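Chemist: File target03.tsv follows (TSV, C-alpha atoms):
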```
chain	number	residue	atom	x	y	z
A	1	MET	CA	75.66	77.31	97.30
A	2	SER	CA	76.83	80.44	95.52
A	3	SER	CA	80.06	82.20	96.33
A	4	PRO	CA	80.19	85.90	97.32
A	5	ASP	CA	81.53	86.62	93.82
A	6	ALA	CA	78.55	84.86	92.25
A	7	ARG	CA	76.15	86.91	94.40
A	8	LEU	CA	77.91	90.10	93.30
A	9	ASP	CA	77.55	88.99	89.68
A	10	ASP	CA	73.84	88.27	90.28
A	11	ALA	CA	73.36	91.72	91.84
A	12	THR	CA	75.15	93.38	88.95
A	13	ALA	CA	73.10	91.45	86.40
A	14	ALA	CA	69.87	92.34	88.23
A	15	THR	CA	70.55	96.08	88.20
A	16	GLU	CA	72.75	96.19	85.08
A	17	ALA	CA	74.73	99.04	86.66
A	18	HIS	CA	78.14	98.82	88.31
A	19	PRO	CA	77.53	97.85	91.98
A	20	ARG	CA	78.98	101.14	93.32
A	21	PHE	CA	76.77	103.13	90.97
A	22	ALA	CA	73.71	101.00	91.82
A	23	GLU	CA	74.40	101.76	95.49
A	24	ALA	CA	74.68	105.49	94.72
A	25	LEU	CA	71.33	105.43	92.89
A	26	GLN	CA	69.72	103.72	95.85
A	27	GLY	CA	71.28	106.20	98.30
A	28	LEU	CA	69.95	109.11	96.25
A	29	GLY	CA	66.51	107.52	95.97
A	30	LEU	CA	66.76	107.58	92.17
A	31	GLU	CA	65.02	104.97	90.07
A	32	VAL	CA	66.39	104.95	86.55
A	33	GLU	CA	66.32	102.42	83.75
A	34	VAL	CA	69.86	101.16	83.33
A	35	ARG	CA	70.37	99.63	79.90
A	36	ARG	CA	73.14	97.18	79.05
A	37	PHE	CA	74.39	96.77	75.49
A	38	PRO	CA	76.46	93.87	74.13
A	39	GLU	CA	78.58	96.36	72.17
A	40	ALA	CA	80.65	98.85	74.11
A	41	THR	CA	79.23	102.31	74.77
A	42	ARG	CA	82.63	103.75	75.77
A	43	THR	CA	82.46	106.74	73.44
A	44	ALA	CA	79.61	109.17	72.94
A	45	ALA	CA	79.29	107.99	69.33
A	46	GLU	CA	79.07	104.32	70.38
A	47	ALA	CA	76.51	105.14	73.06
A	48	ALA	CA	74.34	107.27	70.74
A	49	ALA	CA	74.40	104.54	68.07
A	50	ALA	CA	73.43	101.82	70.58
A	51	ILE	CA	70.65	103.90	72.16
A	52	GLY	CA	69.40	105.41	68.91
A	53	CYS	CA	69.61	109.01	70.12
A	54	GLY	CA	71.43	112.11	68.97
A	55	LEU	CA	75.10	112.52	69.85
A	56	ALA	CA	74.33	115.69	71.85
A	57	GLU	CA	71.95	113.68	74.08
A	58	ILE	CA	74.89	111.78	75.57
A	59	ALA	CA	76.28	113.23	78.82
A	60	LYS	CA	80.03	112.57	78.87
A	61	SER	CA	81.79	112.41	82.26
A	62	LEU	CA	85.35	113.56	81.62
A	63	VAL	CA	88.05	113.80	84.26
A	64	PHE	CA	90.68	116.52	84.08
A	65	GLU	CA	93.57	117.53	86.32
A	66	ALA	CA	93.59	121.17	87.40
A	67	ASP	CA	96.94	121.94	89.01
A	68	GLY	CA	97.14	118.24	89.89
A	69	VAL	CA	93.61	118.11	91.42
A	70	PRO	CA	90.96	115.97	89.70
A	71	VAL	CA	87.83	117.71	88.39
A	72	LEU	CA	84.93	116.09	86.54
A	73	VAL	CA	83.39	117.89	83.56
A	74	LEU	CA	79.96	116.88	82.28
A	75	MET	CA	79.63	117.70	78.58
A	76	ASP	CA	77.19	116.80	75.83
A	77	GLY	CA	78.45	114.14	73.44
A	78	ALA	CA	78.55	116.41	70.40
A	79	SER	CA	80.81	119.00	72.02
A	80	ARG	CA	84.40	119.21	73.16
A	81	VAL	CA	85.67	120.70	76.41
A	82	ASP	CA	87.65	123.92	76.05
A	83	VAL	CA	90.48	123.33	78.53
A	84	GLU	CA	91.27	127.08	78.65
A	85	ARG	CA	87.69	127.84	79.70
A	86	VAL	CA	87.92	125.15	82.41
A	87	ARG	CA	91.21	126.67	83.58
A	88	ALA	CA	89.64	130.15	83.75
A	89	GLU	CA	86.53	128.82	85.53
A	90	LEU	CA	88.66	127.12	88.19
A	91	GLY	CA	91.32	129.82	88.41
A	92	SER	CA	93.91	127.11	87.79
A	93	GLY	CA	97.36	127.43	86.29
A	94	LYS	CA	97.33	124.21	84.28
A	95	VAL	CA	94.49	121.91	83.18
A	96	ARG	CA	94.90	118.68	81.23
A	97	ARG	CA	93.02	115.43	80.65
A	98	ALA	CA	93.57	112.97	83.48
A	99	LYS	CA	95.38	109.71	82.79
A	100	ALA	CA	93.47	106.43	83.11
A	101	ASP	CA	94.97	105.54	86.50
A	102	LEU	CA	93.91	108.87	88.03
A	103	VAL	CA	90.41	108.49	86.57
A	104	ARG	CA	90.03	105.06	88.18
A	105	GLU	CA	91.62	106.16	91.47
A	106	THR	CA	89.36	109.23	91.70
A	107	THR	CA	86.05	107.83	90.46
A	108	GLY	CA	86.39	104.08	90.94
A	109	TYR	CA	85.48	103.51	87.29
A	110	ALA	CA	87.36	102.98	84.04
A	111	ILE	CA	87.36	105.55	81.25
A	112	GLY	CA	84.32	104.90	79.07
A	113	GLY	CA	82.13	103.93	82.02
A	114	VAL	CA	82.45	106.90	84.40
A	115	PRO	CA	79.01	107.99	85.62
A	116	PRO	CA	78.22	111.58	86.62
A	117	PHE	CA	77.97	110.65	90.34
A	118	GLY	CA	78.59	107.70	92.67
A	119	HIS	CA	82.35	108.13	92.68
A	120	ARG	CA	84.92	106.74	95.08
A	121	THR	CA	86.03	110.24	96.17
A	122	ARG	CA	84.32	113.61	96.41
A	123	THR	CA	85.39	115.55	93.32
A	124	ARG	CA	84.55	119.01	92.06
A	125	VAL	CA	82.11	118.77	89.15
A	126	LEU	CA	81.47	121.27	86.36
A	127	ALA	CA	78.48	120.78	84.04
A	128	ASP	CA	78.35	122.55	80.71
A	129	ARG	CA	75.16	124.57	80.26
A	130	GLY	CA	74.62	122.90	76.86
A	131	LEU	CA	73.27	119.79	78.63
A	132	LEU	CA	70.15	121.79	79.55
A	133	ALA	CA	69.17	121.98	75.86
A	134	HIS	CA	67.85	118.41	76.09
A	135	GLU	CA	64.80	116.92	77.74
A	136	VAL	CA	66.72	113.73	78.57
A	137	VAL	CA	70.41	112.88	78.45
A	138	TRP	CA	72.08	109.46	78.65
A	139	ALA	CA	75.10	108.86	80.87
A	140	ALA	CA	77.35	105.92	81.71
A	141	ALA	CA	76.16	103.68	84.56
A	142	GLY	CA	79.63	102.62	85.72
A	143	THR	CA	80.64	100.21	82.96
A	144	PRO	CA	81.56	100.59	79.28
A	145	HIS	CA	78.35	98.67	78.40
A	146	THR	CA	75.73	100.41	80.54
A	147	VAL	CA	73.88	103.73	80.30
A	148	PHE	CA	70.89	105.41	81.92
A	149	PRO	CA	68.56	108.29	80.98
A	150	LEU	CA	67.84	111.26	83.22
A	151	ASP	CA	66.68	114.83	82.78
A	152	PRO	CA	69.71	117.12	82.80
A	153	GLU	CA	68.59	119.24	85.77
A	154	THR	CA	68.33	116.16	88.01
A	155	LEU	CA	71.63	114.78	86.71
A	156	ILE	CA	73.44	118.07	87.39
A	157	ARG	CA	71.89	118.39	90.86
A	158	HIS	CA	72.82	114.85	91.94
A	159	ALA	CA	76.33	115.29	90.55
A	160	GLY	CA	76.70	118.38	92.75
A	161	ALA	CA	77.83	120.23	89.65
A	162	THR	CA	78.37	123.92	89.07
A	163	LEU	CA	76.71	125.05	85.83
A	164	VAL	CA	79.31	126.64	83.52
A	165	ASP	CA	80.09	127.38	79.87
A	166	VAL	CA	83.18	125.31	79.03
A	167	ARG	CA	82.48	123.93	75.56
A	168	GLU	CA	84.71	124.76	72.63
A	169	ARG	CA	83.20	127.47	70.50
A	170	SER	CA	83.00	126.72	66.81
A	171	ALA	CA	85.21	128.93	64.66
```
Please rewrite the model in this file as structure tokens.
Modeler:
Amino acid sequence: MSSPDARLDDATAATEAHPRFAEALQGLGLEVEVRRFPEATRTAAEAAAAIGCGLAEIAKSLVFEADGVPVLVLMDGASRVDVERVRAELGSGKVRRAKADLVRETTGYAIGGVPPFGHRTRTRVLADRGLLAHEVVWAAAGTPHTVFPLDPETLIRHAGATLVDVRERSA
């Protein structure tokens, strides 16, 4: 007889995604191919190398604090978030990267595995317009070893994101 923990492990292995994220996919009626890699896909570069896609085809889910309130920013893997542009977009006084404990508390996931939706709490989401330049983007599926592909429009819609321009401009 298997223990509840063993059944949870079986369910996770069957879907490859984090159980909370698998539940979110089911609730949204989304069927995506979740891929698990033996090497970590914590960073955009690691994920792109494992998948065999371009760095810009990775959709990073980055948590920031805007005046102490968490906000998720979806950004392509080749770009960096311009914190000043996020601040202006939100009308906030101060914006900074969230610490690991706030990321986990807000999303329910560890840094390097945060998906674009399926979070523990309802959080404001901003999606950089640059994601729309791709037919398909790859995002974390709730663990540092799992990713899934989705067209950017669907990803942005299911994340409940506001489309914005918050990437750093090259000098």
Chemist: Which one is closest to Glu168 of chain A: A:Glu46, A:Asp101, A:Glu39, A:Glu84? Count all atoms listed in the file.
Modeler: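 Looking at the shortest contact to Glu168 of chain A, the residue is A:Glu84.
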Chemist: With distances taken over only C-alpha atoms, which of A:Asp165, A:Glu31, A:Asp76, A:Glu153 is nearest to Lys60 of chain A?
Modeler: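 Among A:Asp165, A:Glu31, A:Asp76, A:Glu153, it is A:Asp76 that comes nearest to Lys60 of chain A.
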Chemist: Which is closest to Phe117 of chain A among A:Gly91, A:Pro70, A:Gly142, A:Pro38, if we use all atoms listed in the file?
Modeler: A:Gly142
Chemist: To one decimal place in Å, what is the distance between atom CA of Gly118 of chain A and atom CA of Ile58 of chain A?
Modeler: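 About the pair atom CA of Gly118 of chain A and atom CA of Ile58 of chain A: they are 18.0 Å apart.
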Chemist: Taking only C-alpha atoms into account, which of A:Val32, A:Val69, A:His145, A:Ala133 comes nearest His18 of chain A?
Modeler: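 Of all the options, A:His145 lies closest to His18 of chain A.
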Chemist: So, counting only C-alpha atoms, which residue among A:Thr143, A:Ser79, A:Glu16, A:Ile51 is closest to Gly113 of chain A?
Modeler: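 Among A:Thr143, A:Ser79, A:Glu16, A:Ile51, it is A:Thr143 that comes nearest to Gly113 of chain A.
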Chemist: Go through A:Pro115, A:Gly160, A:Gly54, A:Pro149 one by one, measure the shortest atom-to-atom distance of each to Val34 of chain A using only C-alpha atoms, and give the residue with the smallest value.
Modeler: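 Between A:Pro115, A:Gly160, A:Gly54, A:Pro149, the residue approaching Val34 of chain A most closely is A:Pro149.
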Chemist: To one decimal place in Å, what is the distance between atom CA of Glu57 of chain A and atom CA of Phe21 of chain A?
Modeler: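 Distance between the two atoms: 20.5 Å.
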Chemist: Could you tell me how far atom CA of Asp82 of chain A sits from atom CA of Thr121 of chain A, in Å to one decimal place?
Modeler: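 Going from atom CA of Thr121 of chain A over to atom CA of Asp82 of chain A covers 24.4 Å.
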